[in-house]
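J.: After the structure tokens below, expect a handful of questions from me.
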Amino acid sequence: MKSAKIQLDLAKYRIVKLPSQEALELLRLMESEEGGNEVHEAIRIAENFNVFYDMMKRKQRDYIPLPHDYSDLLRGRVSIDKIRLEKTGDQNIVVLVFDRRYPIEKLEEMLRKIGYEEVIVEKLF
């Protein structure tokens with residue numbers, strides 16, 4: 001059984017850690033359903049994983065912040081706040097940090113649509 005984990009940090013941001021191809025599936029599903037500049041940018045970063053991973057390491061950054069329109073921020077229309085790229089052995093991992101106002105139920109539903117049978121919500125605090 002394929003399972004995914006949605007982690008809630010202290011500030012209640014939603015953190016999802018997926019292999020790069022599955023993260024791209026999730027991002028493309030989000031793009032088709034709601035769009036948004038940050039979703040397009042996250043897709044571009046995930047598609048060019050090695051280039052952005054090297055840039056992160058060179059600039060010694062943990063996360064890549066995504067561009068947001070200030071009016072969207074005020075209205076609560078932002079879905080993804082930042083993205084992190086990791087390499088574990090030969091596997092590329094994408095960590096998506098969703099805005100704290102993004103509905104957990106919607107995120108669970110989208111993870112199920114891309115093939116995860118079990119979605120666990122875990123608090124990190």
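If you're wondering about the labels, chains in the structure tokens are A, B, ... by order shown, residues count from 1 in each chain, ligands from 1 in order shown.
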Name the residues in contact with Thr88 (chain A) at a cut-off of 10 Å, using only C-alpha atoms, excluding same-chain residues fewer than 4 positions from it; report them as a list in words.

T.: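 Contacts, in chain order: Pro19, Asn92 and Ile93 of chain A.
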
J.: When you look at region 8-11 of chain A with a cut-off of 8 Å (counting only C-alpha atoms), what residues show up, excluding the ones that are within fewer than 5 positions of it in the same chain? I need them as a PyMOL selection string.

T.: chain A and resi 100+121-125

J.: Set the distance at 9 Å and use only C-alpha atoms: which residues neighbour region 50-59 of chain A once local chain neighbours fewer than 4 positions away are removed? I'd like the list as a ChimeraX atom specification.

T.: /A:45-46,63-64,84-87,92

J.: Per residue of region 78-120 of chain A within 8 Å of region 32-44 of chain A, note the shortest atom pair and the distance in Å to one decimal, counting only C-alpha atoms, and order the rows by chain and increasing residue number, as JSON lines.

T.:
{"residue": "A:Val78", "atom": "CA", "partner": "A:Gly36", "partner_atom": "CA", "distance": 7.6}
{"residue": "A:Ser79", "atom": "CA", "partner": "A:Glu38", "partner_atom": "CA", "distance": 7.6}
{"residue": "A:Ile80", "atom": "CA", "partner": "A:Glu38", "partner_atom": "CA", "distance": 6.3}
{"residue": "A:Asp81", "atom": "CA", "partner": "A:Glu38", "partner_atom": "CA", "distance": 7.7}
{"residue": "A:Ile83", "atom": "CA", "partner": "A:Ala42", "partner_atom": "CA", "distance": 7.1}

J.: Compile the contact shell of Glu22 (chain A) as a ChimeraX atom specification: residues with an atom at most 10 Å away, counting only C-alpha atoms, same-chain residues fewer than 3 positions apart removed.

T.: /A:17-19,25-28,93-94,111,114-116

J.: Given only C-alpha atoms as the basis, pick out the residue of A:Phe98, A:Phe49, A:Pro103, A:Leu29 nearest to Val16 (chain A).

T.: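 Closest residue, counting only C-alpha atoms: A:Phe98.
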
J.: Rounded to one decimal place, report the CA of Tyr70 (chain A)-CA of Val97 (chain A) distance in Å.

T.: 18.1 Å

J.: Could you please determine the separation between CA of Met1 (chain A) and CA of Glu117 (chain A) in Å, to one decimal place?

T.: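 It comes out at 6.5 Å.
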
J.: Between CA of Arg77 (chain A) and CA of Gln60 (chain A), what is the distance, to one decimal in Å?

T.: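 Computed distance, CA of Arg77 (chain A) to CA of Gln60 (chain A), equals 29.5 Å.
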
J.: Please report, as a ChimeraX atom specification, each residue of chain A to which DSSP assigns alpha helix (DSSP H) when run on this structure's backbone.

T.: /A:20-33,37-47,49-58,70-75,104-113

J.: Could you pull out all residues of chain A with a DSSP call of strand (DSSP E or B) and give them as a tab-separated table (two decimals) with N, CA, C and O atoms, in the first residue's frame?

T.:
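Saved the output as states.tsv:
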chain	number	residue	atom	x	y	z
A	3	SER	N	1.69	5.00	0.75
A	3	SER	CA	1.21	6.01	1.68
A	3	SER	C	2.06	7.28	1.60
A	3	SER	O	3.24	7.23	1.28
A	4	ALA	N	1.40	8.40	1.88
A	4	ALA	CA	2.06	9.70	1.90
A	4	ALA	C	1.81	10.34	3.25
A	4	ALA	O	0.86	9.99	3.95
A	5	LYS	N	2.67	11.27	3.60
A	5	LYS	CA	2.56	11.93	4.89
A	5	LYS	C	2.48	13.44	4.67
A	5	LYS	O	3.26	14.01	3.93
A	6	ILE	N	1.50	14.06	5.32
A	6	ILE	CA	1.40	15.51	5.37
A	6	ILE	C	1.82	15.90	6.77
A	6	ILE	O	1.17	15.52	7.74
A	7	GLN	N	2.92	16.64	6.87
A	7	GLN	CA	3.41	17.04	8.18
A	7	GLN	C	3.02	18.49	8.44
A	7	GLN	O	3.13	19.34	7.55
A	8	LEU	N	2.56	18.76	9.65
A	8	LEU	CA	2.23	20.12	10.06
A	8	LEU	C	3.33	20.60	11.00
A	8	LEU	O	3.57	19.98	12.03
A	14	ARG	N	1.93	23.10	5.80
A	14	ARG	CA	1.76	21.71	5.40
A	14	ARG	C	2.98	21.30	4.58
A	14	ARG	O	3.28	21.92	3.57
A	15	ILE	N	3.67	20.25	4.99
A	15	ILE	CA	4.89	19.80	4.33
A	15	ILE	C	4.66	18.41	3.74
A	15	ILE	O	4.26	17.50	4.45
A	16	VAL	N	4.92	18.30	2.44
A	16	VAL	CA	4.77	17.02	1.75
A	16	VAL	C	6.10	16.70	1.05
A	16	VAL	O	6.63	17.52	0.32
A	17	LYS	N	6.60	15.50	1.30
A	17	LYS	CA	7.89	15.06	0.76
A	17	LYS	C	7.62	13.90	-0.20
A	17	LYS	O	7.10	12.86	0.22
A	18	LEU	N	7.94	14.12	-1.50
A	18	LEU	CA	7.64	13.12	-2.52
A	18	LEU	C	8.81	12.93	-3.47
A	18	LEU	O	9.60	13.86	-3.68
A	19	PRO	N	8.92	11.75	-4.10
A	19	PRO	CA	9.89	11.59	-5.18
A	19	PRO	C	9.56	12.60	-6.29
A	19	PRO	O	8.39	12.95	-6.48
A	64	ILE	N	13.93	27.06	-1.66
A	64	ILE	CA	13.80	28.04	-2.74
A	64	ILE	C	12.44	28.70	-2.54
A	64	ILE	O	11.40	28.04	-2.67
A	65	PRO	N	12.41	29.99	-2.22
A	65	PRO	CA	11.12	30.68	-2.06
A	65	PRO	C	10.47	30.87	-3.43
A	65	PRO	O	11.15	31.10	-4.43
A	80	ILE	N	1.48	27.12	-2.56
A	80	ILE	CA	2.81	26.64	-2.18
A	80	ILE	C	3.68	27.83	-1.78
A	80	ILE	O	3.78	28.80	-2.51
A	81	ASP	N	4.29	27.72	-0.61
A	81	ASP	CA	5.12	28.81	-0.10
A	81	ASP	C	6.57	28.70	-0.57
A	81	ASP	O	7.15	29.66	-1.02
A	82	LYS	N	7.13	27.49	-0.45
A	82	LYS	CA	8.53	27.29	-0.85
A	82	LYS	C	8.74	25.82	-1.18
A	82	LYS	O	7.89	24.97	-0.89
A	83	ILE	N	9.90	25.55	-1.77
A	83	ILE	CA	10.22	24.20	-2.22
A	83	ILE	C	11.66	23.87	-1.82
A	83	ILE	O	12.50	24.76	-1.75
A	84	ARG	N	11.88	22.61	-1.53
A	84	ARG	CA	13.23	22.15	-1.18
A	84	ARG	C	13.55	20.92	-2.03
A	84	ARG	O	12.68	20.07	-2.23
A	85	LEU	N	14.77	20.83	-2.48
A	85	LEU	CA	15.20	19.69	-3.28
A	85	LEU	C	16.24	18.90	-2.50
A	85	LEU	O	17.16	19.47	-1.93
A	86	GLU	N	16.08	17.58	-2.49
A	86	GLU	CA	17.01	16.71	-1.75
A	86	GLU	C	17.38	15.53	-2.63
A	86	GLU	O	16.60	15.11	-3.48
A	87	LYS	N	18.55	14.98	-2.37
A	87	LYS	CA	18.97	13.75	-3.03
A	87	LYS	C	19.23	12.71	-1.95
A	87	LYS	O	19.98	12.95	-1.03
A	88	THR	N	18.57	11.57	-2.08
A	88	THR	CA	18.76	10.46	-1.16
A	88	THR	C	19.23	9.28	-1.98
A	88	THR	O	18.43	8.66	-2.69
A	91	GLN	N	17.90	8.76	-5.60
A	91	GLN	CA	16.53	9.25	-5.74
A	91	GLN	C	16.46	10.76	-5.49
A	91	GLN	O	17.03	11.27	-4.53
A	92	ASN	N	15.74	11.47	-6.37
A	92	ASN	CA	15.52	12.90	-6.22
A	92	ASN	C	14.21	13.12	-5.46
A	92	ASN	O	13.17	12.60	-5.85
A	93	ILE	N	14.28	13.90	-4.38
A	93	ILE	CA	13.12	14.16	-3.52
A	93	ILE	C	12.76	15.63	-3.60
A	93	ILE	O	13.63	16.49	-3.52
A	94	VAL	N	11.46	15.93	-3.71
A	94	VAL	CA	10.96	17.30	-3.70
A	94	VAL	C	10.13	17.48	-2.44
A	94	VAL	O	9.21	16.70	-2.18
A	95	VAL	N	10.47	18.50	-1.65
A	95	VAL	CA	9.71	18.82	-0.44
A	95	VAL	C	8.91	20.09	-0.75
A	95	VAL	O	9.48	21.14	-1.03
A	96	LEU	N	7.59	19.96	-0.71
A	96	LEU	CA	6.70	21.09	-0.98
A	96	LEU	C	6.16	21.61	0.34
A	96	LEU	O	5.62	20.83	1.13
A	97	VAL	N	6.31	22.90	0.58
A	97	VAL	CA	5.79	23.52	1.80
A	97	VAL	C	4.59	24.36	1.39
A	97	VAL	O	4.72	25.39	0.73
A	98	PHE	N	3.41	23.88	1.77
A	98	PHE	CA	2.16	24.55	1.43
A	98	PHE	C	1.83	25.62	2.46
A	98	PHE	O	2.18	25.50	3.64
A	118	GLU	N	-3.12	5.73	1.20
A	118	GLU	CA	-3.19	6.15	2.59
A	118	GLU	C	-2.47	7.49	2.74
A	118	GLU	O	-1.34	7.65	2.29
A	119	VAL	N	-3.15	8.46	3.36
A	119	VAL	CA	-2.55	9.77	3.61
A	119	VAL	C	-2.61	10.02	5.11
A	119	VAL	O	-3.68	10.02	5.71
A	120	ILE	N	-1.43	10.21	5.71
A	120	ILE	CA	-1.32	10.40	7.15
A	120	ILE	C	-1.01	11.88	7.42
A	120	ILE	O	-0.12	12.44	6.80
A	121	VAL	N	-1.76	12.47	8.35
A	121	VAL	CA	-1.48	13.84	8.78
A	121	VAL	C	-0.76	13.75	10.12
A	121	VAL	O	-1.27	13.16	11.07
A	122	GLU	N	0.44	14.33	10.17
A	122	GLU	CA	1.30	14.22	11.36
A	122	GLU	C	1.71	15.61	11.84
A	122	GLU	O	2.13	16.43	11.04
A	123	LYS	N	1.58	15.83	13.13
A	123	LYS	CA	2.02	17.11	13.71
A	123	LYS	C	3.47	16.96	14.15
A	123	LYS	O	3.85	15.98	14.76
